[in-house]
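Peer 1: Would you mind keeping the following structure in view while I ask a few things?
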Amino acid sequence: MTSEEAAVAVIDILEVLAIPYIVVGSLSSNYYGIPRSTKDADFVVALEQGAVRTIADRLGSAFRLDPQLTFETVTMSTRFIIHVAEVPFTIELFLLSEDAHDRLRFQRRVRVEVLGRQAWLPTPEDVIITKLRWASRQTRSKDWDDVRDVIAVQGTRLNWEYIYPWTDRHGTRQLVDEIRASIPVTD
């Protein structure tokens with residue numbers, strides 16, 4: 001099984017079980033920006049904590065649910081990790097949190113084709129807002145790079161009247177302005 005096949009298997013199970021979800025993290029920034037390799041696939045799911053076991057069971061023996069749950073540090077969402085047996089790849093399931101932006105990006109999700117499947121993704125604006133929050137709190141340069149790449153690829157299609165109030169609220173306005181300024185202007 002490849003990492004892409006593992007991510008597709010999760011999308012398929014979420015669709016079959018009719019569990020509301022969005023594909024987030026690098027898979028969403030890859031869709032709107034410049035693809036890069038990743039060691040995991042991240043999903044936000046709207047379900048009760050106990051239902052994660054159902055997802056893991058339906059995925060089968062090639063997947064193993066880590067019994068230890070953790071918390072994501074930006075939205076304080078509960079996170080479950082599912083290990084893929086044949087590859088060094090994990091699936092991370094984040095429960096939809098009470099965070100205002102987390103809830104709104106979930107409501108604004110869009111249906112697109114990703115990895116050969118119809119799936120739910122956040123909008124490019126919501127990818128930028130979320131990645132900025134991560135970039136401002138951690139030392140992971142990949143989040144900064146992902147924001148830059150999404151802005152560069154999406155260009156004038158982005159709704160800055162939606163992005164800027166959230167960056168003001170999250171304290172990431174200066175960071176997004178620095179990233180925007182770093183992108184060369186092309187004709």
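Residue numbers start at 1 in each chain; chains themselves are named A, B, ... in the order of the structure tokens; ligands are numbered from 1 in the order shown.
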Could you produce a table of the residues of range 68-135 of chain A lying within 6 Å of range 30-53 of chain A, with the nearest pair of atoms per residue and their separation in Å rounded to one decimal, using only C-alpha atoms, ordered by chain and increasing residue number, as CSV?

Peer 2:
residue,atom,partner,partner_atom,distance
A:Phe89,CA,A:Lys39,CA,5.0
A:Thr90,CA,A:Asp40,CA,4.6
A:Ile91,CA,A:Ala41,CA,4.9
A:Glu92,CA,A:Asp42,CA,4.8
A:Leu93,CA,A:Phe43,CA,5.0
A:Phe94,CA,A:Val44,CA,4.7
A:Leu95,CA,A:Val45,CA,5.1
A:Leu96,CA,A:Ala46,CA,5.2

Peer 1: With a distance cut-off of 10 Å and only C-alpha atoms, select the neighbouring residues of range 15-18 of chain A, excluding the residue or stretch itself and same-chain residues fewer than 6 positions from it, and output the selection as number ranges by chain.

Peer 2: A: 9, 54-55, 58, 118-120

Peer 1: Which residue gives the smallest distance to Leu69 in chain A among A:Met1, A:Leu175, A:Ile13, A:Ile81, with only C-alpha atoms counted?

Peer 2: A:Ile81

Peer 1: Show me, as a PDB file with all heavy atoms, in the first residue's frame, the residues that have an atom within 7 Å of Leu65 in chain A when counting only C-alpha atoms, minus same-chain residues fewer than 5 positions from it.

Peer 2:
ATOM      1  N   ALA A  56     -11.287   2.978  12.257  1.00  0.00           N
ATOM      2  CA  ALA A  56     -10.085   2.136  12.263  1.00  0.00           C
ATOM      3  C   ALA A  56     -10.433   0.688  11.951  1.00  0.00           C
ATOM      4  O   ALA A  56      -9.736   0.031  11.168  1.00  0.00           O
ATOM      5  CB  ALA A  56      -9.382   2.247  13.613  1.00  0.00           C
ATOM      6  N   ILE A  81      -4.193   9.022  16.013  1.00  0.00           N
ATOM      7  CA  ILE A  81      -3.223   8.655  14.981  1.00  0.00           C
ATOM      8  C   ILE A  81      -3.453   7.208  14.577  1.00  0.00           C
ATOM      9  O   ILE A  81      -3.560   6.320  15.426  1.00  0.00           O
ATOM     10  CB  ILE A  81      -1.782   8.853  15.484  1.00  0.00           C
ATOM     11  CG1 ILE A  81      -1.558  10.337  15.819  1.00  0.00           C
ATOM     12  CG2 ILE A  81      -0.776   8.364  14.454  1.00  0.00           C
ATOM     13  CD1 ILE A  81      -0.232  10.642  16.466  1.00  0.00           C
ATOM     14  N   ILE A  82      -3.539   6.999  13.277  1.00  0.00           N
ATOM     15  CA  ILE A  82      -3.673   5.659  12.714  1.00  0.00           C
ATOM     16  C   ILE A  82      -2.411   5.390  11.904  1.00  0.00           C
ATOM     17  O   ILE A  82      -2.085   6.143  10.987  1.00  0.00           O
ATOM     18  CB  ILE A  82      -4.928   5.534  11.833  1.00  0.00           C
ATOM     19  CG1 ILE A  82      -6.187   5.809  12.663  1.00  0.00           C
ATOM     20  CG2 ILE A  82      -4.986   4.161  11.171  1.00  0.00           C
ATOM     21  CD1 ILE A  82      -7.475   5.851  11.847  1.00  0.00           C
ATOM     22  N   HIS A  83      -1.702   4.342  12.259  1.00  0.00           N
ATOM     23  CA  HIS A  83      -0.465   3.975  11.566  1.00  0.00           C
ATOM     24  C   HIS A  83      -0.788   3.048  10.398  1.00  0.00           C
ATOM     25  O   HIS A  83      -1.645   2.170  10.506  1.00  0.00           O
ATOM     26  CB  HIS A  83       0.502   3.276  12.524  1.00  0.00           C
ATOM     27  CG  HIS A  83       0.872   4.136  13.686  1.00  0.00           C
ATOM     28  ND1 HIS A  83       1.870   5.075  13.623  1.00  0.00           N
ATOM     29  CD2 HIS A  83       0.352   4.212  14.940  1.00  0.00           C
ATOM     30  CE1 HIS A  83       1.956   5.691  14.792  1.00  0.00           C
ATOM     31  NE2 HIS A  83       1.045   5.191  15.609  1.00  0.00           N
TER      32      HIS A  83
END

Peer 1: Which distance in Å separates CA of Arg148 in chain A and CA of Ile179 in chain A, to one decimal?

Peer 2: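 Computing it gives 5.9 Å between the two atoms.
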
Peer 1: Once you count only C-alpha atoms, what closest atom pair and distance in Å to one decimal does each residue of range 25-106 of chain A within 12 Å of range 162-168 of chain A have, with rows by chain and rising residue number, as a tab-separated table?

Peer 2:
residue	atom	partner	partner_atom	distance
A:Ala100	CA	A:Trp166	CA	10.0
A:His101	CA	A:Trp166	CA	7.9
A:Asp102	CA	A:Trp166	CA	11.4
A:Leu104	CA	A:Trp166	CA	11.0
A:Arg105	CA	A:Trp166	CA	11.3

Peer 1: Mind checking DSSP for chain A and telling me the strand (DSSP E) residues as a ChimeraX atom specification?

Peer 2: /A:21-24,40-45,63-65,70-71,78-84,89-95,110-114,117-121
